[in-house]
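K.L.:
Structure below; questions to follow.
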Amino acid sequence: MSPVLGRLRPRGLRPRLVVAFVLVTVLGAAAAAWAGAGSAATALVDGAQERITGEVADRVGAAAPELAYPPDQDALDRLRRDVGPNTLVTYEDMRSADGTGPRLVTDALRGAVRERDRITVQRVAADGRPWLLVGVPLMITAPDGGRTPSGIEVYAVRDLSGVQDQVDALTRAAAGASALALVPAVLLALLAARGVLRPVRDLRDTARRLASGDLGARTAPQGADELAELTATVNEMAESVQTSMAGMERMRADARRFASDVSHELRTPLSTLTAVVEVLATASDRMEPDDRESVGLAVTETRRLVRLVEDLMEVSRFDAGSVRLRVEEFDAVGAVRDCLRARGWLDRVELEGVEGITLRADRRRLDVVVANLVGNALRHGEPPVRVRVTATPDEVRIEVTDDGPGLPEEVRPHVFDRFYKADTARARTPGSGLGLAIAAENARLHGGGITAENAGGGGARFVLRLPRDPGGQEKQEEGS
Amino acid sequence: MAAILLIEDDPLVRRGLQLALSRHGHGVGAADTGERGLRELESAAYELVVLDLMLPGISGLEVCRRIRASGGVPVIMLTARGDDFDIVSGLEAGADDYVVKPARPTVLDARIRAVLRRSTPSDGLRVHRDLSIDTSALTVTLHGEPVALTPTELRLLLTLSRAPGRVFSRQQLLEEVWEHDYLGDSRLVDNCVQRLRAKIEARPSAPEYVQTVRGFGYRFGPV
Amino acid sequence: MRPAQAVRARSAARVPLGLCALVAAALLSSGCGLHPTGPTDGGRAPTGVAPGMTLYFVDGDGELKAQQRESGRLGSVSDAVSLLLTGPGPTSGLRTEIAPVPTTRVAVTTAPDVLTVVVPLSVDEVTPQGIDQIVCTALGAHVQQGGSTGTKVQVRFTLGTAESEEHRTCPLIG
């Protein structure tokens with residue numbers, strides 16, 4: 001297909017339907033009009049030819065009895081005049097011609113006239129107009145009815161332009177009739193297209209709703225055609241997707257509840273453990289070195305277990321959506337410094353940033369985020385660990401960078417995954433494996449986020465962005 | 001060092017905390033239900049109650065309310081971390097402080113000592129309109145009538161009235177009254193202020209003595 | 001659906017459109033114009049020329065016999081009958097069964113199957129064979145002009161007579 005035709009091909013379903021419908025309708029109308037016009041034209045032409053032929057034959061017949069035979073030149077001229085203008089009369093070597101018509105008489109016609117001894121007609125075109133040639137052999141009839149050719153031949157040439165005009169008028173009328181069919185055809189096509197396209201559009205809307213997550217979306221099938229079957233099939237598909245999604249949702253909810261229940265249950269024995277390992281620790285001074293080390297390990301591991309259970313419960317609360325922000329206004333740099341001081345990190349971490357950057361946020365949760373990011377940098381990176389606090393009118397940025405090897409490409413997308421361990425050799429670091437996940441959840445809860453990237457110098461850089469006012473979901477609590 | 005009643009239903013946790021707190025020098029009595037705990041409290045002179053909120057029978061909250069109604073024995077509750085509903089309910093029921101489970105005995109001991117310090121006397125008498133505060137006898141009278149305050153409420157009133165007109169942030173009050181070193185729960189302050197107002201203000205909704213400074217904290221009036 | 005089938009289905013869908021366009025083009029171009037033709041039949045040729053007239057007289061044996069008169073043209077039926085009335089001429093060896101009359105004016109009217117010849121004679125002035133002479137001469141001229149040999153001839157005489165209503169045929173023709 002040529003590029004032009006390709007470009008002209010209609011794209012939408014509606015234009016294609018309309019074009020096909022209109023084409024078929026107009027073709028039908030045109031065929032009918034053409035057939036009618038064709039037979040009418042044939043009748044018209046045949047009638048005109050018969051009339052002309054009959055007239056010529058009648059004139060020849062009427063003149064014949066008074067015609068001298070064998071004719072002389074004078075007789076031939078008289079006969080020619082009786083027949084009319086544009087006529088040729090021949091007898092043996094004699095001829096009598098009038099007008100420009102006789103030069104159109106063909107040898108084929110003359111041969112046919114002589115051979116058949118019957119009137120013969122032929123249509124020719126000349127000067128851009130159609131002509132009718134009528135060849136008439138004049139016969140001699142004996143009194144008993146026997147016929148022999150007289151040798152006199154009359155050729156009349158007649159203009160058919162008038163007939164041509166009539167035929168053209170018929171053709172125009174047929175074309176007009178076909179064109180008239182165009183308007184109702186387009187209207188009918190639009191109606192038909194609408195009938196077909198409405199269910200298609202309904203189906204498309206349903207598919208969009210399904211795609212955007214509304215798994216309850218259905219289309220009521222109408223009728224019993226292929227579209228109705230398609231609709232029913234889509235409905236079945238949506239049904240099965242909805243069922244399996246509901247099942248998966250139930251399984252995920254079960255898993256979340258299980259994690260939450262497990263952490264709650266662990267808390268009771270951990271309470272006892274926490275209490276008694278401290279009792280043991282206070283007594284460890286009097287123990288053998290091996291016993292003392294064992295007690296120390298028990299204390300460390302118990303604290304780690306406590307931390308893990310606490311983080312697990314925090315994650316469970318995020319999953320359950322039961323976490324609420326307690327927003328208050330405070331100084332960002334001050335809060336970060338408090339966080340570092342409370343954990344004894346001030347001498348290991350460089351803090352950069354001007355006082356006076358106010359931030360509306362949940363201070364305890366910001367503390368958790370900063371502690372997790374800095375703790376992560378201290379564990380996995382190399383010193384110096386830097387914390388930089390900057391601000392725009394809309395948001396506060398807290399950057400935590402280290403001088404370590406940075407984040408390998410394959411690790412970067414997973415650093416905020418739960419229990420993701422980049423390196424099995426580091427599996428025994430004191431983190432719970434949930435710290436960055438919890439930090440990310442807290443940032444999201446504030447309407448902000450954390451990104452992990454590699455700094456220019458090669459170390460890892462975590463950037464926390466928080467809006468300066470998260471919309472004030474919860475007002476600062478007041479005394480009255 | 002102090003006589004403490006531990007109300008905790010789980011026998012192993014109860015025994016573990018008892019052992020640990022004893023090691024810190026406290027005399028620890030124990031009860032496994034709220035009913036037994038309240039009875040024990042009547043029969044012996046305890047200086048402080050450590051209360052688990054999750055109890056069979058009458059709930060820890062109810063136990064806390066009854067202790068508060070009957071007198072001024074301070075209460076420290078044991079609660080699940082971040083379970084805001086428990087914490088808010090406990091503070092509203094009149095708890096002086098809370099410690100998150102699993103509680104480290106050293107942390108619990110520090111809180112116990114802080115609460116107990118609040119009943120330590122100083123000297124002098126402060127009179128503000130109808131309210132007079134005796135800082136040596138640790139008594140408060142309104143229109144000449146004595147007002148029963150818990151040690152925490154008293155400590156809060158003493159701290160605020162030490163500098164009338166000065167604004168204390170919640171963080172400052174947490175550090176001074178509750179001795180929380182860092183990121184204390186400001187709801188402790190707000191709840192305590194509400195209880196204090198209920199006892200000393202004529203109209204708690206339009207306070208005269210303990211005034212709110214929006215966005216900052218509280219100050220002592222009138223100025 | 002496999003790709004190959006998809007391609008085939010698409011090209012198949014394209015066929016009707018192309019076909020429609022072709023049909024439309026053919027219809028439009030063929031039209032109903034007048035095109036040149038070869039020689040075709042146009043019907044029976046006219047007739048009517050002859051070197052002279054054919055008249056019927058009676059020979060020595062009493063039989064009807066045709067006589068050619070070199071008039072140079074065929075002429076009309078009435079011309080032929082009028083000439084018949086003038087007689088066979090002295091040198092022909094033929095005689096006529098029609099009495100000589102002072103006028104030879106003859107009127108001929110033509111109906112589809114009947115040729116009516118009005119003669120300036122009474123029925124007494126001709127014998128039956130004379131009537132045959134008139135009938136054969138009129139019918140012969142009629143046939144030579146292209147008329148049918150089965151045409152009946154009605155000879156109307158002066159003075160009323162039943163013979164005038166007779167539809168006759170020529171014993172020599174048809």
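In the structure tokens, each chain is lettered A, B, ... as it comes, each chain's residues begin at 1, and ligands are numbered from 1 in order of appearance.
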Mind checking DSSP for range 31-239 of chain A and telling me the alpha helix (DSSP H) residues as a ChimeraX atom specification?
P.N.:
/A:31-63,73-83,107-116,161-211,226-239
K.L.:
Find the spatial neighbours of range 385-395 of chain A, counting only C-alpha atoms, within a cut-off of 9 Å - ignore same-chain residues fewer than 4 positions away - and output them as a list of chain:residue names.
P.N.:
A:Ala332, A:Val333, A:Val336, A:Arg348, A:Val349, A:Glu350, A:Leu351, A:Glu352, A:Gly353, A:Val354, A:Ile357, A:Leu359, A:Val374, A:Ala377, A:Leu378, A:Gly381, A:Glu399, A:Val400, A:Thr401, A:Asp402, A:Asp403, A:Gly448, A:Arg465, A:Leu466, A:Pro467, A:Arg468, A:Asp469
K.L.:
What residues in chain C lie within 7 Å of chain A, counting only C-alpha atoms, written as a short mmCIF file (atom, residue, chain, number, x, y, z; two decimals) with N, CA and C atoms, in the first residue's frame?
P.N.:
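Dumped everything to out_18.cif:
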data_model
loop_
_atom_site.label_atom_id
_atom_site.label_comp_id
_atom_site.auth_asym_id
_atom_site.auth_seq_id
_atom_site.Cartn_x
_atom_site.Cartn_y
_atom_site.Cartn_z
N ALA C 24 -16.45 0.50 -8.50
CA ALA C 24 -16.91 1.87 -8.67
C ALA C 24 -16.25 2.52 -9.88
N CYS C 32 -22.72 5.21 -20.10
CA CYS C 32 -23.71 4.81 -21.07
C CYS C 32 -23.48 5.59 -22.35
N GLY C 33 -22.25 5.92 -22.65
CA GLY C 33 -21.97 6.75 -23.83
C GLY C 33 -22.23 5.98 -25.13
N LEU C 34 -22.16 6.68 -26.29
CA LEU C 34 -22.39 6.05 -27.60
C LEU C 34 -21.04 5.68 -28.16
N PRO C 36 -18.56 3.65 -30.99
CA PRO C 36 -18.58 3.17 -32.37
C PRO C 36 -18.88 1.67 -32.40
N THR C 37 -19.58 1.22 -33.43
CA THR C 37 -19.90 -0.19 -33.57
C THR C 37 -19.46 -0.65 -34.96
N GLY C 38 -19.52 -1.95 -35.16
CA GLY C 38 -19.34 -2.49 -36.50
C GLY C 38 -20.67 -2.41 -37.24
N PRO C 39 -20.70 -2.84 -38.48
CA PRO C 39 -21.96 -2.84 -39.22
C PRO C 39 -22.92 -3.84 -38.61
N THR C 40 -24.16 -3.38 -38.38
CA THR C 40 -25.18 -4.29 -37.87
C THR C 40 -26.42 -4.19 -38.75
N ASP C 41 -27.23 -5.23 -38.63
CA ASP C 41 -28.39 -5.30 -39.51
C ASP C 41 -29.42 -4.24 -39.17
N GLY C 42 -29.99 -3.62 -40.14
CA GLY C 42 -30.97 -2.55 -39.91
C GLY C 42 -32.33 -2.86 -40.51
N GLY C 43 -32.52 -4.07 -40.97
CA GLY C 43 -33.87 -4.43 -41.45
C GLY C 43 -33.91 -4.69 -42.96
N ARG C 44 -35.13 -4.94 -43.41
CA ARG C 44 -35.36 -5.30 -44.82
C ARG C 44 -35.11 -4.08 -45.71
N ALA C 45 -34.46 -4.35 -46.85
CA ALA C 45 -34.14 -3.25 -47.74
C ALA C 45 -35.40 -2.81 -48.50
N PRO C 46 -35.51 -1.54 -48.82
CA PRO C 46 -36.68 -1.08 -49.60
C PRO C 46 -36.54 -1.54 -51.07
N THR C 47 -37.65 -1.50 -51.73
CA THR C 47 -37.65 -1.95 -53.13
C THR C 47 -38.53 -0.98 -53.94
N GLY C 48 -38.73 -1.20 -55.20
CA GLY C 48 -39.63 -0.34 -55.97
C GLY C 48 -39.07 0.17 -57.30
N VAL C 49 -37.81 -0.13 -57.58
CA VAL C 49 -37.31 0.28 -58.90
C VAL C 49 -37.52 -0.86 -59.92
N ALA C 50 -37.74 -0.47 -61.10
CA ALA C 50 -37.92 -1.45 -62.19
C ALA C 50 -37.73 -0.72 -63.53
N PRO C 51 -37.25 -1.44 -64.57
CA PRO C 51 -37.06 -0.77 -65.86
C PRO C 51 -38.40 -0.43 -66.53
N GLY C 72 -39.33 2.86 -68.29
CA GLY C 72 -38.15 3.45 -67.64
C GLY C 72 -38.28 3.55 -66.13
N ARG C 73 -39.45 3.26 -65.61
CA ARG C 73 -39.63 3.32 -64.14
C ARG C 73 -40.79 2.43 -63.78
N LEU C 74 -40.95 2.16 -62.53
CA LEU C 74 -42.02 1.25 -62.11
C LEU C 74 -43.34 1.99 -62.09
N GLY C 75 -43.37 3.16 -61.53
CA GLY C 75 -44.61 3.90 -61.44
C GLY C 75 -45.52 3.34 -60.37
N SER C 76 -46.72 3.89 -60.25
CA SER C 76 -47.63 3.49 -59.19
C SER C 76 -48.58 2.41 -59.69
N GLY C 140 -49.35 -7.18 -59.16
CA GLY C 140 -47.94 -7.23 -59.57
C GLY C 140 -47.23 -5.93 -59.25
N ALA C 141 -47.86 -4.80 -59.60
CA ALA C 141 -47.24 -3.50 -59.29
C ALA C 141 -47.06 -3.31 -57.79
N VAL C 143 -46.69 -5.65 -55.54
CA VAL C 143 -45.59 -6.50 -55.06
C VAL C 143 -44.25 -5.89 -55.45
N GLN C 144 -44.16 -5.38 -56.65
CA GLN C 144 -42.89 -4.79 -57.08
C GLN C 144 -42.52 -3.58 -56.24
N GLN C 145 -43.53 -2.91 -55.70
CA GLN C 145 -43.24 -1.77 -54.80
C GLN C 145 -42.86 -2.23 -53.40
N GLY C 146 -42.96 -3.55 -53.20
CA GLY C 146 -42.58 -4.06 -51.87
C GLY C 146 -43.76 -4.62 -51.11
N THR C 149 -47.32 -10.54 -51.54
CA THR C 149 -48.01 -11.26 -52.61
C THR C 149 -49.35 -11.78 -52.12
N ILE C 173 -50.15 -15.04 -59.49
CA ILE C 173 -49.28 -14.53 -58.41
C ILE C 173 -49.74 -15.06 -57.07
N GLY C 174 -48.85 -15.47 -56.24
CA GLY C 174 -49.15 -15.83 -54.85
C GLY C 174 -49.63 -17.24 -54.66
#
K.L.:
Give as a short mmCIF file (atom, residue, chain, number, x, y, z; two decimals) with N, CA and C atoms, in the first residue's frame every residue of chain B that touches chain A within 6 Å, counting only C-alpha atoms.
P.N.:
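The resulting selection.cif:
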data_model
loop_
_atom_site.label_atom_id
_atom_site.label_comp_id
_atom_site.auth_asym_id
_atom_site.auth_seq_id
_atom_site.Cartn_x
_atom_site.Cartn_y
_atom_site.Cartn_z
N VAL B 13 7.83 -13.00 84.72
CA VAL B 13 8.18 -11.59 84.62
C VAL B 13 8.19 -10.97 86.01
N GLY B 16 11.22 -12.07 87.86
CA GLY B 16 12.43 -11.47 87.31
C GLY B 16 12.57 -10.02 87.75
N LEU B 17 11.50 -9.24 87.65
CA LEU B 17 11.55 -7.83 88.04
C LEU B 17 11.78 -7.70 89.54
N ALA B 20 15.38 -8.23 90.11
CA ALA B 20 16.20 -7.12 89.62
C ALA B 20 16.04 -5.90 90.51
N PRO B 102 9.78 -4.54 76.91
CA PRO B 102 10.36 -5.12 78.13
C PRO B 102 11.21 -4.07 78.86
N ARG B 104 13.93 -2.37 81.12
CA ARG B 104 15.26 -2.65 81.67
C ARG B 104 15.26 -2.19 83.12
N PRO B 105 15.67 -3.06 84.03
CA PRO B 105 15.59 -2.72 85.46
C PRO B 105 16.31 -1.42 85.79
N ASP B 190 1.07 17.32 79.79
CA ASP B 190 -0.28 17.80 79.52
C ASP B 190 -1.31 17.16 80.45
N THR B 212 -1.62 28.24 79.84
CA THR B 212 -1.03 27.70 78.61
C THR B 212 -0.46 28.85 77.79
#
K.L.:
Work out how far apart CA of Thr103 in chain C and CA of Leu83 in chain C are and give it in Å to one decimal.
P.N.:
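Calculated distance between CA of Thr103 in chain C and CA of Leu83 in chain C is 11.0 Å.
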K.L.:
Considering only C-alpha atoms, return as a list in words whatever protein or nucleic-acid residues lie within 12 Å of Ala228 in chain A, sequence-local ones (same chain, fewer than 5 positions apart) excluded.
P.N.:
Val196, Arg198, Pro199, Val200, Asp202, Leu203, Thr219, Ala220, Pro221, Gln222, Gly223, Thr233, Val234 and Asn235 of chain A
K.L.:
Using only C-alpha atoms, which protein or nucleic acid residues come within 12 Å of Leu149 in chain B? Drop anything in the same chain fewer than 3 positions from it, and give the result as a PyMOL selection string.
P.N.:
chain B and resi 68-74+94+96+118-119+133+138-142+146+152-158+192-193+195-200
K.L.:
Okay, now the selection with C-alpha atoms, as a PDB file, in the first residue's frame?
P.N.:
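Written output follows (out_10.pdb):
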ATOM      1  CA  ARG B  68      -5.429   7.652  92.602  1.00  0.00           C
ATOM      2  CA  ALA B  69      -8.847   8.016  94.251  1.00  0.00           C
ATOM      3  CA  SER B  70      -7.681   6.610  97.540  1.00  0.00           C
ATOM      4  CA  GLY B  71      -4.507   8.622  97.994  1.00  0.00           C
ATOM      5  CA  GLY B  72      -1.219   9.885  96.761  1.00  0.00           C
ATOM      6  CA  VAL B  73       0.834   6.741  96.183  1.00  0.00           C
ATOM      7  CA  PRO B  74       2.697   7.322  92.874  1.00  0.00           C
ATOM      8  CA  GLY B  94      -3.511   9.208  86.826  1.00  0.00           C
ATOM      9  CA  ASP B  96       2.826   9.496  87.148  1.00  0.00           C
ATOM     10  CA  ARG B 118       9.402  14.678  94.009  1.00  0.00           C
ATOM     11  CA  SER B 119       8.259  14.272  97.592  1.00  0.00           C
ATOM     12  CA  ILE B 133       2.169  26.607  98.789  1.00  0.00           C
ATOM     13  CA  LEU B 138       4.856  20.167 101.064  1.00  0.00           C
ATOM     14  CA  THR B 139       1.216  21.162 101.564  1.00  0.00           C
ATOM     15  CA  VAL B 140      -1.036  23.269  99.368  1.00  0.00           C
ATOM     16  CA  THR B 141      -4.131  25.156 100.555  1.00  0.00           C
ATOM     17  CA  LEU B 142      -6.802  26.881  98.473  1.00  0.00           C
ATOM     18  CA  PRO B 146      -5.885  21.732 102.106  1.00  0.00           C
ATOM     19  CA  THR B 152       4.147  14.563  90.627  1.00  0.00           C
ATOM     20  CA  GLU B 153       1.397  17.201  90.682  1.00  0.00           C
ATOM     21  CA  LEU B 154       3.086  18.856  93.641  1.00  0.00           C
ATOM     22  CA  ARG B 155       6.503  18.788  91.981  1.00  0.00           C
ATOM     23  CA  LEU B 156       4.993  20.347  88.816  1.00  0.00           C
ATOM     24  CA  LEU B 157       3.325  23.113  90.851  1.00  0.00           C
ATOM     25  CA  LEU B 158       6.544  23.763  92.782  1.00  0.00           C
ATOM     26  CA  CYS B 192      -0.575  16.213  84.775  1.00  0.00           C
ATOM     27  CA  VAL B 193      -1.427  19.875  84.098  1.00  0.00           C
ATOM     28  CA  ARG B 195      -5.236  16.989  86.807  1.00  0.00           C
ATOM     29  CA  LEU B 196      -3.556  19.828  88.667  1.00  0.00           C
ATOM     30  CA  ARG B 197      -5.964  22.398  87.225  1.00  0.00           C
ATOM     31  CA  ALA B 198      -8.923  20.253  88.248  1.00  0.00           C
ATOM     32  CA  LYS B 199      -7.700  20.512  91.819  1.00  0.00           C
ATOM     33  CA  ILE B 200      -6.622  24.159  92.160  1.00  0.00           C
TER      34      ILE B 200
END
K.L.:
For CA of Asn86 in chain A and CA of Gly147 in chain C, quote the distance in Å rounded to one decimal.
P.N.:
28.8 Å
